[in-house]
Structures are given as C-alpha cells and as structure tokens.
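Listing of my_file26.tsv, TSV, C-alpha atoms
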chain	number	residue	atom	x	y	z
A	1	ALA	CA	6.11	18.97	-0.89
A	2	SER	CA	3.93	21.98	-1.71
A	3	GLY	CA	0.47	23.30	-0.87
A	4	ASP	CA	-2.64	22.74	-2.98
A	5	ALA	CA	-1.93	21.33	-6.42
A	6	GLY	CA	-1.37	23.94	-9.06
A	7	GLN	CA	-1.23	27.11	-6.88
A	8	GLU	CA	2.02	28.96	-6.03
A	9	PRO	CA	2.88	27.49	-2.57
A	10	VAL	CA	2.80	29.97	0.33
A	11	LEU	CA	5.61	28.00	1.90
A	12	GLN	CA	8.39	25.83	0.54
A	13	VAL	CA	8.19	22.69	2.68
A	14	ARG	CA	10.73	19.88	2.69
A	15	ILE	CA	10.30	16.49	4.35
A	16	ILE	CA	13.06	13.95	5.07
A	17	ASN	CA	12.34	10.62	6.77
A	18	PHE	CA	15.66	9.54	8.24
A	19	ASN	CA	15.53	5.77	8.12
A	20	PHE	CA	12.08	5.56	9.79
A	21	GLU	CA	13.63	6.96	12.96
A	22	THR	CA	13.22	10.70	12.75
A	23	VAL	CA	11.20	12.81	10.32
A	24	GLN	CA	12.41	16.32	9.66
A	25	VAL	CA	9.98	18.84	8.21
A	26	THR	CA	11.52	22.20	7.30
A	27	TRP	CA	9.87	25.24	5.79
A	28	SER	CA	10.99	28.49	4.29
A	29	PRO	CA	8.24	31.10	4.40
A	30	ARG	CA	8.11	33.18	1.24
A	31	ARG	CA	5.68	35.81	2.46
A	32	TYR	CA	5.89	35.11	6.19
A	33	SER	CA	9.61	35.46	6.88
A	34	GLY	CA	10.16	36.80	10.36
A	35	THR	CA	7.05	35.01	11.65
A	36	ASN	CA	7.16	32.19	14.19
A	37	LEU	CA	5.02	29.55	12.48
A	38	THR	CA	3.53	26.76	14.60
A	39	PHE	CA	3.60	23.15	13.44
A	40	VAL	CA	0.82	20.75	14.44
A	41	TYR	CA	0.85	17.15	13.29
A	42	LYS	CA	-0.85	13.78	13.55
A	43	LEU	CA	0.54	10.39	12.61
A	44	SER	CA	-1.97	7.82	11.37
A	45	SER	CA	-1.09	5.55	14.29
A	46	ALA	CA	-1.68	8.35	16.85
A	47	GLU	CA	-4.94	9.16	18.58
A	48	ALA	CA	-4.80	12.95	18.29
A	49	SER	CA	-2.91	15.85	16.77
A	50	ARG	CA	-0.10	17.41	18.74
A	51	PRO	CA	2.07	20.49	18.47
A	52	CYS	CA	5.73	20.14	17.57
A	53	CYS	CA	7.88	19.65	20.66
A	54	ASN	CA	11.24	19.82	18.94
A	55	TYR	CA	11.45	22.89	16.71
A	56	ILE	CA	14.41	23.74	14.49
A	57	VAL	CA	15.12	27.44	14.96
A	58	HIS	CA	16.83	29.58	12.34
A	59	GLU	CA	17.70	33.27	12.93
A	60	GLY	CA	15.40	33.32	15.92
A	61	HIS	CA	12.33	31.88	14.16
A	62	THR	CA	10.90	28.41	13.81
A	63	ALA	CA	12.12	26.84	10.57
A	64	GLY	CA	11.43	23.15	11.08
A	65	CYS	CA	10.26	20.35	13.31
A	66	LEU	CA	11.90	17.05	14.24
A	67	LEU	CA	9.48	14.28	15.13
A	68	GLU	CA	9.77	10.57	15.85
A	69	ALA	CA	8.08	8.28	13.38
A	70	ARG	CA	8.95	4.65	13.65
A	71	LYS	CA	6.82	2.97	11.03
A	72	ASP	CA	5.45	3.30	7.53
A	73	GLU	CA	2.50	5.58	8.14
A	74	ILE	CA	0.81	8.79	7.07
A	75	LEU	CA	1.84	12.15	8.50
A	76	CYS	CA	-0.76	14.95	8.39
A	77	PHE	CA	0.49	18.36	9.43
A	78	SER	CA	-0.42	22.02	9.29
A	79	LEU	CA	1.56	25.24	9.63
A	80	GLY	CA	-0.06	28.38	10.99
A	81	ASN	CA	0.80	31.88	12.18
A	82	GLY	CA	-1.46	31.72	15.22
A	83	THR	CA	-4.56	33.05	13.46
A	84	ASP	CA	-4.57	31.32	10.05
A	85	ILE	CA	-3.58	27.89	8.80
A	86	LEU	CA	-1.13	28.67	5.99
A	87	PHE	CA	-0.28	25.16	4.84
A	88	ARG	CA	-1.80	21.73	5.26
A	89	LYS	CA	-0.53	18.40	3.93
A	90	CYS	CA	-0.90	14.62	4.40
A	91	GLU	CA	1.77	12.25	3.09
A	92	TRP	CA	3.08	8.74	3.55
A	93	ILE	CA	6.37	9.36	5.34
A	94	SER	CA	7.91	6.56	3.23
A	95	ALA	CA	7.61	8.89	0.23
A	96	TYR	CA	10.48	10.95	1.67
A	97	LEU	CA	12.67	8.15	2.97
A	98	LYS	CA	16.40	8.55	3.29
A	99	PRO	CA	17.81	5.16	4.30
A	100	SER	CA	20.81	4.99	6.62
A	101	SER	CA	24.20	4.24	5.09
A	102	PRO	CA	25.35	0.62	4.92
A	103	GLU	CA	27.86	-0.34	7.61
A	104	GLN	CA	30.46	-3.05	8.13
A	105	LEU	CA	30.94	-4.13	4.54
A	106	SER	CA	32.46	-7.60	4.35
A	107	PHE	CA	34.29	-9.09	1.39
A	108	ARG	CA	34.65	-12.61	0.05
A	109	TRP	CA	37.12	-12.98	-2.79
A	110	HIS	CA	37.00	-15.92	-5.20
A	111	GLU	CA	39.44	-15.74	-8.14
A	112	ASP	CA	38.55	-12.60	-10.13
A	113	ALA	CA	35.29	-11.95	-8.31
A	114	VAL	CA	34.38	-10.42	-4.96
A	115	THR	CA	31.09	-10.64	-3.09
A	116	VAL	CA	30.36	-7.66	-0.88
A	117	THR	CA	27.80	-8.10	1.88
A	118	CYS	CA	26.41	-5.95	4.66
A	119	SER	CA	23.38	-6.13	6.92
A	120	ASP	CA	20.06	-5.49	5.15
A	121	LEU	CA	17.88	-2.71	6.48
A	122	PRO	CA	14.67	-3.88	8.19
A	123	TYR	CA	12.34	-2.71	5.44
A	124	LYS	CA	11.90	-3.91	1.89
A	125	ARG	CA	12.07	-2.83	-1.77
A	126	LEU	CA	15.49	-1.22	-1.58
A	127	LEU	CA	18.48	-1.26	-3.95
A	128	TYR	CA	21.95	-1.77	-2.47
A	129	GLU	CA	24.53	-0.10	-4.70
A	130	ILE	CA	28.21	-1.05	-4.46
A	131	GLN	CA	30.78	1.11	-6.22
A	132	TYR	CA	34.39	0.09	-6.78
A	133	LYS	CA	37.50	1.24	-8.63
A	134	SER	CA	41.19	0.38	-8.64
A	135	ILE	CA	43.99	2.92	-8.42
A	136	PHE	CA	44.23	2.71	-12.22
A	137	ASP	CA	40.58	3.70	-12.74
A	138	THR	CA	39.32	7.27	-12.72
A	139	GLU	CA	35.61	6.38	-12.60
A	140	TRP	CA	33.68	4.29	-10.10
A	141	GLN	CA	31.99	1.16	-11.44
A	142	SER	CA	28.53	0.36	-10.03
A	143	LYS	CA	26.63	-2.84	-9.27
A	144	GLU	CA	23.22	-3.08	-7.57
A	145	GLY	CA	21.27	-5.77	-5.77
A	146	GLU	CA	17.93	-6.03	-3.98
A	147	THR	CA	19.77	-7.35	-0.93
A	148	CYS	CA	23.16	-6.35	0.43
A	149	ASN	CA	24.90	-9.30	-1.21
A	150	VAL	CA	26.41	-8.10	-4.48
A	151	THR	CA	29.04	-9.91	-6.58
A	152	MET	CA	31.37	-8.12	-8.97
A	153	GLN	CA	33.36	-10.02	-11.56
A	154	GLY	CA	36.43	-9.30	-13.67
A	155	LEU	CA	38.57	-7.85	-10.91
A	156	ASP	CA	42.33	-8.35	-10.49
A	157	SER	CA	42.87	-9.25	-6.85
A	158	GLU	CA	46.51	-8.16	-7.09
A	159	LYS	CA	45.39	-4.58	-7.55
A	160	CYS	CA	44.30	-2.37	-4.70
A	161	TYR	CA	40.59	-1.45	-4.85
A	162	PHE	CA	38.38	1.21	-3.25
A	163	PHE	CA	34.83	0.13	-2.32
A	164	ARG	CA	31.84	2.12	-1.08
A	165	ALA	CA	28.10	1.38	-0.72
A	166	ARG	CA	24.80	3.18	-0.44
A	167	VAL	CA	21.07	2.33	-0.35
A	168	LYS	CA	18.39	3.62	-2.72
A	169	THR	CA	14.63	3.00	-2.78
A	170	LEU	CA	12.63	1.35	-5.56
A	171	GLU	CA	10.54	4.06	-7.21
A	172	SER	CA	7.64	1.65	-7.77
A	173	SER	CA	7.44	1.14	-4.01
A	174	TYR	CA	8.36	4.56	-2.60
A	175	GLY	CA	7.76	7.11	-5.38
A	176	SER	CA	10.25	9.60	-6.79
A	177	ASP	CA	10.74	12.00	-3.85
A	178	THR	CA	13.05	9.81	-1.71
A	179	TYR	CA	16.75	10.36	-1.12
A	180	PRO	CA	19.63	7.90	-1.56
A	181	SER	CA	21.52	7.17	1.64
A	182	ASP	CA	24.89	8.81	2.14
A	183	TRP	CA	27.80	6.73	0.89
A	184	SER	CA	29.39	4.40	3.38
A	185	LYS	CA	32.97	5.16	4.28
A	186	VAL	CA	35.44	3.89	1.62
A	187	THR	CA	37.06	0.51	2.24
A	188	HIS	CA	40.33	-0.61	0.61
A	189	GLN	CA	41.05	-4.17	-0.39
A	190	GLN	CA	44.07	-5.90	-1.97
A	191	ARG	CA	44.83	-9.61	-2.39
A	192	GLY	CA	41.68	-10.35	-0.43
A	193	GLU	CA	42.80	-8.32	2.57
A	194	LEU	CA	41.78	-5.04	4.13
A	195	ARG	CA	44.18	-2.15	3.53
A	196	ASP	CA	44.34	1.21	5.27
A	197	SER	CA	44.60	2.92	1.91
A	198	CYS	CA	45.48	2.28	-1.69
A	199	GLN	CA	48.18	4.94	-1.89
A	200	GLY	CA	51.08	2.58	-1.06
A	201	LYS	CA	53.52	1.41	-3.86
A	202	LYS	CA	51.97	1.42	-7.32
A	203	LEU	CA	51.56	-2.18	-8.33
A	204	PHE	CA	51.74	-2.81	-12.04
A	205	PRO	CA	48.74	-4.63	-13.43
A	206	LYS	CA	49.24	-8.30	-14.34
A	207	PHE	CA	49.09	-7.67	-18.05
A	208	ILE	CA	51.46	-4.98	-19.29
A	209	LEU	CA	50.58	-3.85	-22.81
B	1	TYR	CA	-14.48	-10.58	-2.30
B	2	ASN	CA	-11.94	-11.26	0.47
B	3	PHE	CA	-8.39	-10.88	-0.83
B	4	THR	CA	-6.77	-12.77	2.05
B	5	ASP	CA	-5.95	-15.91	0.03
B	6	CYS	CA	-4.26	-14.14	-2.88
B	7	ASP	CA	-0.59	-14.82	-3.74
B	8	PHE	CA	0.76	-11.42	-2.65
B	9	GLU	CA	4.35	-12.09	-3.77
B	10	LYS	CA	3.29	-12.90	-7.32
B	11	ILE	CA	0.93	-9.95	-7.44
B	12	ARG	CA	3.71	-7.66	-6.20
B	13	LYS	CA	6.08	-8.92	-8.91
B	14	LYS	CA	3.42	-8.41	-11.59
B	15	TYR	CA	2.82	-4.90	-10.25
B	16	GLN	CA	6.53	-4.05	-10.55
B	17	GLU	CA	6.87	-5.68	-13.96
B	18	VAL	CA	3.81	-4.45	-15.87
B	19	ILE	CA	1.26	-2.51	-13.84
B	20	TYR	CA	3.56	0.19	-12.46
B	21	GLN	CA	4.68	1.43	-15.90
B	22	ALA	CA	1.08	1.55	-17.13
B	23	LEU	CA	0.04	3.63	-14.09
B	24	ASN	CA	3.02	5.94	-14.61
B	25	LYS	CA	2.17	6.31	-18.29
B	26	TYR	CA	-1.41	7.20	-17.42
B	27	MET	CA	-0.26	9.91	-14.99
B	28	ASN	CA	1.90	11.32	-17.79
B	29	GLY	CA	4.30	13.23	-15.52
B	30	VAL	CA	1.70	14.41	-13.00
B	31	LYS	CA	3.10	13.48	-9.57
B	32	SER	CA	0.79	11.65	-7.20
B	33	THR	CA	2.06	13.83	-4.31
B	34	GLU	CA	0.52	16.86	-6.08
B	35	PHE	CA	-2.92	15.79	-4.86
B	36	ASN	CA	-3.28	17.00	-1.33
B	37	ASN	CA	-5.21	14.02	-0.04
B	38	TYR	CA	-4.12	10.55	0.77
B	39	ILE	CA	-5.41	7.04	1.06
B	40	TYR	CA	-4.43	4.46	3.67
B	41	CYS	CA	-4.41	0.70	3.56
B	42	GLU	CA	-3.46	-1.42	6.49
B	43	ASP	CA	-2.30	-4.74	5.08
B	44	PRO	CA	-2.07	-6.51	1.70
B	45	PRO	CA	-5.72	-7.73	1.58
B	46	ASP	CA	-6.96	-4.26	2.57
B	47	CYS	CA	-4.76	-2.65	-0.09
B	48	LEU	CA	-6.01	-5.01	-2.81
B	49	ALA	CA	-9.65	-4.45	-1.80
B	50	LYS	CA	-9.21	-0.68	-2.18
B	51	ILE	CA	-7.27	-1.10	-5.44
B	52	ASP	CA	-10.10	-3.27	-6.78
B	53	LEU	CA	-12.73	-0.71	-5.71
B	54	ILE	CA	-11.02	2.32	-7.28
B	55	THR	CA	-9.94	0.49	-10.44
B	56	PHE	CA	-13.17	-1.24	-11.40
B	57	TYR	CA	-16.03	0.72	-9.84
B	58	PRO	CA	-16.79	4.07	-11.52
B	59	THR	CA	-17.08	7.15	-9.32
B	60	HIS	CA	-18.63	10.53	-9.94
B	61	GLY	CA	-16.35	12.45	-12.29
B	62	CYS	CA	-14.31	9.42	-13.31
B	63	THR	CA	-16.11	6.51	-14.93
B	64	THR	CA	-13.56	5.11	-17.37
B	65	LEU	CA	-10.62	3.63	-15.44
B	66	ALA	CA	-11.71	0.00	-15.91
B	67	LYS	CA	-10.81	0.11	-19.62
B	68	GLU	CA	-7.32	1.51	-19.10
B	69	ILE	CA	-4.29	-0.69	-19.74
B	70	PHE	CA	-3.30	-0.73	-16.06
B	71	ALA	CA	-6.83	-1.91	-15.20
B	72	VAL	CA	-6.74	-4.72	-17.76
B	73	ARG	CA	-3.44	-5.89	-16.32
B	74	THR	CA	-4.70	-5.54	-12.74
B	75	ASN	CA	-7.79	-7.56	-13.65
B	76	ALA	CA	-5.69	-10.30	-15.27
B	77	THR	CA	-3.31	-10.43	-12.28
B	78	LEU	CA	-6.04	-10.62	-9.63
B	79	THR	CA	-7.99	-13.21	-11.64
B	80	LEU	CA	-4.83	-15.35	-11.85
B	81	GLN	CA	-3.53	-14.92	-8.30
B	82	CYS	CA	-6.72	-14.66	-6.20
B	83	PRO	CA	-8.70	-17.90	-5.93
B	84	GLY	CA	-12.37	-17.27	-6.76
B	85	TYR	CA	-11.88	-13.71	-7.92
B	86	SER	CA	-14.09	-13.23	-10.98
B	87	GLY	CA	-12.93	-9.74	-11.98
B	88	THR	CA	-14.45	-7.63	-14.79
B	89	GLN	CA	-14.87	-8.88	-18.38
B	90	ILE	CA	-12.60	-6.31	-20.18
B	91	ASN	CA	-10.39	-7.80	-22.90
B	92	ASN	CA	-7.31	-6.42	-24.57
B	93	THR	CA	-8.99	-5.39	-27.82
B	94	GLN	CA	-11.38	-3.09	-25.96
B	95	ALA	CA	-8.44	-1.55	-24.18
B	96	LYS	CA	-6.55	-1.11	-27.49
B	97	LYS	CA	-9.60	0.49	-29.13
B	98	LYS	CA	-9.76	2.84	-26.16
B	99	ARG	CA	-6.11	3.79	-26.61
B	100	LYS	CA	-6.72	4.92	-30.20
B	101	LYS	CA	-9.71	7.05	-29.24
B	102	ARG	CA	-7.86	8.80	-26.30
B	103	GLN	CA	-10.40	10.70	-24.14
B	104	VAL	CA	-9.32	13.74	-22.14
B	105	THR	CA	-8.08	12.46	-18.77
B	106	THR	CA	-10.16	14.26	-16.18
B	107	ASN	CA	-8.52	15.73	-13.10
B	108	LYS	CA	-10.77	13.47	-11.04
B	109	CYS	CA	-9.37	10.43	-12.84
B	110	LEU	CA	-5.82	11.66	-12.23
B	111	GLU	CA	-6.66	11.98	-8.57
B	112	GLN	CA	-8.12	8.47	-8.50
B	113	VAL	CA	-5.07	7.01	-10.23
B	114	SER	CA	-2.75	8.89	-7.87
B	115	HIS	CA	-4.59	7.11	-5.06
B	116	LEU	CA	-4.10	3.82	-6.89
B	117	MET	CA	-0.38	4.51	-7.11
B	118	GLU	CA	-0.18	5.15	-3.39
B	119	LEU	CA	-2.08	1.94	-2.64
B	120	TRP	CA	0.10	-0.14	-4.99
B	121	ARG	CA	3.27	1.38	-3.53
B	122	ARG	CA	2.10	0.62	0.01
B	123	PHE	CA	1.11	-2.91	-1.08
B	124	SER	CA	4.57	-3.51	-2.57
B	125	ARG	CA	6.34	-2.21	0.54
B	126	ILE	CA	4.49	-4.56	2.91
B	127	SER	CA	4.11	-7.73	0.91
Re-express the file's structure as structure tokens.
Amino acid sequence: ASGDAGQEPVLQVRIINFNFETVQVTWSPRRYSGTNLTFVYKLSSAEASRPCCNYIVHEGHTAGCLLEARKDEILCFSLGNGTDILFRKCEWISAYLKPSSPEQLSFRWHEDAVTVTCSDLPYKRLLYEIQYKSIFDTEWQSKEGETCNVTMQGLDSEKCYFFRARVKTLESSYGSDTYPSDWSKVTHQQRGELRDSCQGKKLFPKFIL
Amino acid sequence: YNFTDCDFEKIRKKYQEVIYQALNKYMNGVKSTEFNNYIYCEDPPDCLAKIDLITFYPTHGCTTLAKEIFAVRTNATLTLQCPGYSGTQINNTQAKKKRKKRQVTTNKCLEQVSHLMELWRRFSRIS
C-alpha cells in the first residue's frame, strides 16, 4: 500500500491479514528513519480510533503494528511523528489476506485416481491448490478446486507420491494484493497408504519401456 | 428499488464470468487500491444498491459510465435476476458505438470504477 495516488510515498507500508485473525502493518520510513512513528487505527466495526497497543520494534524504533481483526471490514490508519500525520490510508483488510495453510489432508484412492480433501476455511471465494509428484517426476503437478475436495487422475498407486496443498484467493473477490498461504507440510502416499517418506526402495513403474 | 429479492448467487456468477473482466479492462492496469478512499457495503442488497447508484447515475466529473460494457452487462444481469428491476435502456449497439469513439477516461471515472470494483468484490465475498 502507498500514500496518495501518484506521489512518491513518504513511507513504504505493507499490510498482511493473517487469516482474518491478526493484521500486521509494517512500515519502512524513507525520510524518517530513526524516528518513532505512532500508529493510530480504526476498524469499521469499532466506535473510535485507537493507538496501536502491540508495536513491532526494529533497531529500537517502531516498525509495525499487530492488531486483531476478526472479520471482513475496512481498516483506516494513520502514521505520524508526533507533530505531523505522514501517512493515511483506508483499505478492506481482505485485500491483503493471507489464508492459513491447509491441515490434515486426507486421501481416498480409487483405481488410478485420488481425491484429496481437507477442511475448508470459513470464508468464501478461495482456490485450494493440490500439488503432487512421484519419485520419478522432477516437477510438481497442480490441480485446483473451489473447495478442498480435489481429484487427480492418471496416477499409478504402486508408485510413492508426495502431496502438498495451499490456499489462494480469487482475484475477482479479493483483488491482486493478497498472498497465497504457505504450503502445507508434504504428505507421502503409496498403495493408498500413508508413508513416512518416499525415499525407501525405488519401485519400478508398472510399464517398463 | 430494494435489491433484497435478487438471486445473489446468479448475480455473483455473472459478475465473475463477464462483469469482472469488463471492469478490469476499463481500469486498464490502474489498481483500485491506488485511490486513497474506500466504499463500504454491509450486505448483498446494500452492495447492489450502491453498485446500481454508481453505475447508472452520473456524478460530477464522471457522466458516462452507464454506456460502458460493464454497465450494459450489469444492467442485463440485474434486470434478469432482480424481480421488478427496470434498469436503464442502454443496448449493445450503443455500447459498441461508444467503444469505437473511445473518450478519454477521466480520473474521476477511474475513481468511481475503482469503487465499483471494491463493491463487487465485497458482494462476491459475502454472497
């Protein structure tokens, strides 16, 4: 996010909305380094503005603020040096959403296909991306779904596969400034069962050329 | 007009299929977050009422949105999915003629359309 449209921003401000739980606003003062800037904010559901009560401090100076924001609403905030307001902005916090990573992936194998499911996040218009590869593949393959229930075909259940998942937002619903979630931890599957890893003995594919 | 009885799911799908690209095309790379003001809508009917107002009612400095492609599609969608909504009488040929004779997009219109994008995004998140 930056200051008024078109002018060189006094401050470089970055907003991350961690899964509608915590919003982190960080700033790096171009011309005001070494100054303790104060952050005052108001959420659209709140009665009044309030000063930050959870600053992030870097090299002895305020560099960010962590605030609780539990729903899809507008955050208005300002940054000042005690005498002047240096930066002012209002934004939907959903515009900077970073969903949490999917957890507890579960697998249902049926012949050469597997359906991967996990619990959907409590808000809408997301894309659940599943990536998979076997020990013979160098690149991940990707499949997406609007719910966490994604089926991938053409797999060889004899092979050992790596799976991972993440969540992205739909640009038409959240804009282009959001962040994909971190990848889930990698899960290994072979013959429809969970494996600790895929290193084990190299299994030759069914069809040897 | 009270937008409470509209079919929000169908409107949301139409927005994602055809209206969103037209809005994006109009903005031509200008990001809606570049405008340092915002617009709020509470629930789907409130969002549609504000979308209708900004799209079809000229304001000072921006009088031409109703003829844009996104407006024609918005008008068609609301007329189809909102019982009793009469909408504005703009047909496709007028919109096409407008596209040939491209006027300069004023900054005020870009600001208005950036508001529209925020309202449509909010509408799609909650419906």
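Set the cut-off at 9 Å, count all atoms listed in the file, and the residues of chain B near chain A turn out to be Tyr15, Gln16, Tyr20, Gln21, Lys31, Ser32, Thr33, Glu34, Phe35, Asn36, Asn37, Tyr38, Ile39, Tyr40, Met117, Glu118, Trp120, Arg121, Arg122, Phe123, Ser124, Arg125, Ile126 and Ser127 of chain B.
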With 3 Å on each side, where is the centre of the axis-aligned box around all listed atoms of range 61-64 of chain B, and how long are its edges in Å to one decimal, as AutoDock Vina command-line options?
--center_x -15.0 --center_y 8.8 --center_z -14.8 --size_x 8.8 --size_y 13.3 --size_z 11.1
Compute the distance from (18.2, -8.7, -2.9) to each atom, counting all atoms listed in the file, keep the residues with any atom at most 12 Å away, and return them as a ChimeraX atom specification; use the coordinates of the file.
/A:117-121,123-129,144-151,167,170
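Shown here are all protein and nucleic acid residues lying within 7 Å of (-14.6, 15.3, -7.6), with only C-alpha atoms considered: B:His60, B:Gly61, B:Lys108.
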Residue subset to file, keeping C-alpha atoms, as a PDB file, in the coordinates of the input:
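The file below, result_31.pdb, is the result:
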ATOM      1  CA  HIS B  60     -18.630  10.530  -9.940  1.00  0.00           C
ATOM      2  CA  GLY B  61     -16.350  12.450 -12.290  1.00  0.00           C
ATOM      3  CA  LYS B 108     -10.770  13.470 -11.040  1.00  0.00           C
TER       4      LYS B 108
END
Give me the residues within 7 Å of Ile51 in chain B as a list in words, counting only C-alpha atoms and dropping any in the same chain fewer than 4 places off.
Cys47, Thr55, Leu116 and Leu119 of chain B
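Relative to CA of Ser100 in chain A, CA of Phe163 in chain A is found at 17.3 Å.
Relative to CA of Lys25 in chain B, CA of Leu80 in chain B is found at 23.7 Å.
As for CA of Leu48 in chain B and CA of Leu78 in chain B, they are spaced 8.8 Å apart.
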I'd like the contact shell of Ile19 in chain B - 9 Å cut-off, all atoms listed in the file, skipping same-chain residues fewer than 6 positions apart - returned as a PyMOL selection string.
chain B and resi 69-71+73-74
Taking 4 positions as the minimum chain separation for residues in the same chain, which residues sit within 9 Å of Asp5 in chain B when counting all atoms listed in the file? Answer as a ChimeraX atom specification.
/B:45,81-83
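Using all atoms listed in the file, the nearest neighbour of Ala66 in chain B within the list B:Val30, B:Asn24, B:Glu9, B:Ile54 is B:Ile54.
Proximity to Lys14 in chain B was assessed for B:Thr105, B:Gln112, B:Ser86, B:Thr77 counting all atoms listed in the file; the smallest distance is recorded for B:Thr77.
Candidate residues A:Thr22, A:Phe77, A:Glu68, A:Thr62 were compared for distance to Ser49 in chain A, and the nearest is A:Phe77, using only C-alpha atoms.
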Do you know which residues are at most 10 Å from Thr64 in chain B counting all atoms listed in the file, after dropping those on the same chain fewer than 6 positions away, and could you put them as a PyMOL selection string?
chain B and resi 55-58+71+98+103+105-106+109
Residues near Ile15 in chain A, anyone? I mean within 10 Å using all atoms listed in the file, not counting same-chain ones fewer than 6 positions away, as a PyMOL selection string.
chain A and resi 1+23-27+64-65+91+93+95-97+177-178
